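Colleague: The structure that follows is given in the form of structure tokens.
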Amino acid sequence: MIKALELFSGIGAFAEASEKRGIEVVAAFDQDPRANQTYQLNHGLKPISRNLDTIASAELPEADLWWMSPPCQPYSVRGNQKGLGDPRSRSLVNLLGHLKKHQPKVLMLENVCGFKDSDAHILLDKTLEEMGYKSRIVELSPTDFGIRMRRPRLYFVATADGVTFQAPAVQNQPLMNLRGFVREVYPDDLIVAQKDFERYSPSLHIINPADENAYAICFTSGYWKSFKSSGTFIEIEKGKIRRFSPEEIVTLMGFASGFEFPKDLTTQAKLKLAGNTVDVRAIDYLLSGISFFN
Ligand SMILES: C[S@@+](CC[C@H](N)C(=O)[O-])C[C@H]1O[C@@H](n2cnc3c(N)ncnc32)[C@H](O)[C@@H]1O
């Protein structure tokens, strides 16, 4: 069985995809206790609550594959774009140092498209080159997998000698209507207050799920707090809108319908976790192109 580490594990998009592929996640790491609680509830494994800025090489168990989705704020157009100058890049720099010592056969890394032009990308390429790995970048969005949601992301797949990666052809599946993802029953706190609706509606992305051509935009971790470009809102009736629920968002991201959040988390906390996660279908698609699995 292939052994994997899930770094910056959040709610476990990698664990969710790897279950189908017979991968054993031997350890997951995240510093957010709410993410770790949600991960354990759904995937059984208890993530190690640890700041990856300072984790030592010896604390990382041996594995064939490392998956990581480090914080994107240093590289995102919505963030400060300070790249390696942003303290939130420290964990990535630390882990790239350990990568050289551990030499897993495969490294997979996900981030926003802005990562491509960053100094962190230069460091990643340099590290992989020194290790003699072959690296490929694939840009994928849920729209590539039949989901009407625009969330383009970069995925790096780097392989050591003896393992190959060939990106499979994208199937260009017909796009599903968003209506199928919108639930009839939802908590009241998802409804946007009338005063906020009146104030922000010109800058909001609002859809009517009955519209066959409606697309959702990228849901971010700030969807609860921020109204501008933080995600799509649903028109319930004229002049009344609500947010998507955390459960609706994770279903759009490819998590199984049985996925659940701990009951004691607030809607705000659940939305933050849902906005941080990764498209499970994209991970599964990439795994299917690695010679381990085909
Ligand atoms: C982009 S999200 C990744 C989400 C995850 N891939 C998932 O499937 O939900 C980044 C995650 O990294 C965690 N994180 C950020 N900085 C960290 C650090 N220095 N040490 C440990 N975890 C960190 C955050 O708590 C967050 O869950």
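In the structure tokens, chains take the letters A, B, ... in the order shown, each chain's residues start at 1, and ligands count up from 1 in the order shown.
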Mind running chain A against ligand 1 at 6 Å and telling me each contacting residue's nearest atom pair with the distance in Å (one decimal), counting only C-alpha atoms and all ligand atoms, chain and number ascending, as CSV?
Modeller:
residue,atom,partner,partner_atom_place_in_ligand_line,distance
A:Phe8,CA,ligand 1,12 (O),3.8
A:Ser9,CA,ligand 1,5 (C),4.5
A:Gly10,CA,ligand 1,9 (O),3.5
A:Ile11,CA,ligand 1,9 (O),4.0
A:Gly12,CA,ligand 1,8 (O),4.1
A:Ala13,CA,ligand 1,8 (O),3.7
A:Asp30,CA,ligand 1,22 (N),3.8
A:Gln31,CA,ligand 1,21 (C),4.1
A:Asp32,CA,ligand 1,25 (O),4.4
A:Arg50,CA,ligand 1,21 (C),5.6
A:Asn51,CA,ligand 1,20 (N),3.5
A:Leu52,CA,ligand 1,20 (N),3.8
A:Asp53,CA,ligand 1,19 (N),4.8
A:Ser69,CA,ligand 1,3 (C),5.0
A:Pro70,CA,ligand 1,10 (C),5.2
A:Pro71,CA,ligand 1,10 (C),4.7
A:Ser91,CA,ligand 1,19 (N),5.0
A:Asn276,CA,ligand 1,2 (S),4.7
A:Thr277,CA,ligand 1,9 (O),3.5
A:Val278,CA,ligand 1,8 (O),5.0
Colleague: As a PyMOL selection string, list the residues of segment 50-294 of chain A assigned to alpha helix (DSSP H) by DSSP on the backbone atoms of this structure.
Modeller: chain A and resi 90-102+119-131+194-200+246-252+267-276+280-287
Colleague: What does the distance between atom CA of Trp67 of chain A and atom CA of Met108 of chain A come to in Å, to one decimal place?
Modeller: 4.8 Å
Colleague: For Leu45 of chain A, which of A:Thr220, A:Asp188, A:Ala15, A:Asp119 is the closest residue, counting only C-alpha atoms?
Modeller: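 Between A:Thr220, A:Asp188, A:Ala15, A:Asp119, the residue approaching Leu45 of chain A most closely is A:Ala15.
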Colleague: May I have all residues of segment 100-283 of chain A that DSSP, computed from the backbone, assigns to strand (DSSP E or B), given as number ranges by chain?
Modeller: A: 106-111, 134-140, 149, 153-159, 165, 191, 205-207, 216, 232-237, 240-243
Colleague: Write out as a VMD selection string each polymer residue whose atoms come within 7 Å of Phe219 of chain A, counting only C-alpha atoms; drop sequence neighbours fewer than 4 positions from it.
Modeller: chain A and resid 223 230 to 231 275
Colleague: Would you compute the distance between atom CA of Ile241 of chain A and atom CA of Glu212 of chain A? Give it in Å to one decimal.
Modeller: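 Atom CA of Glu212 of chain A lies at a distance of 18.4 Å from atom CA of Ile241 of chain A.
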Colleague: Given only C-alpha atoms as the basis, pick out the residue of A:Ser18, A:Ser221, A:Asn213, A:Gln37 nearest to Ala282 of chain A.
Modeller: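 Among the listed residues, the smallest separation from Ala282 of chain A belongs to A:Ser18.
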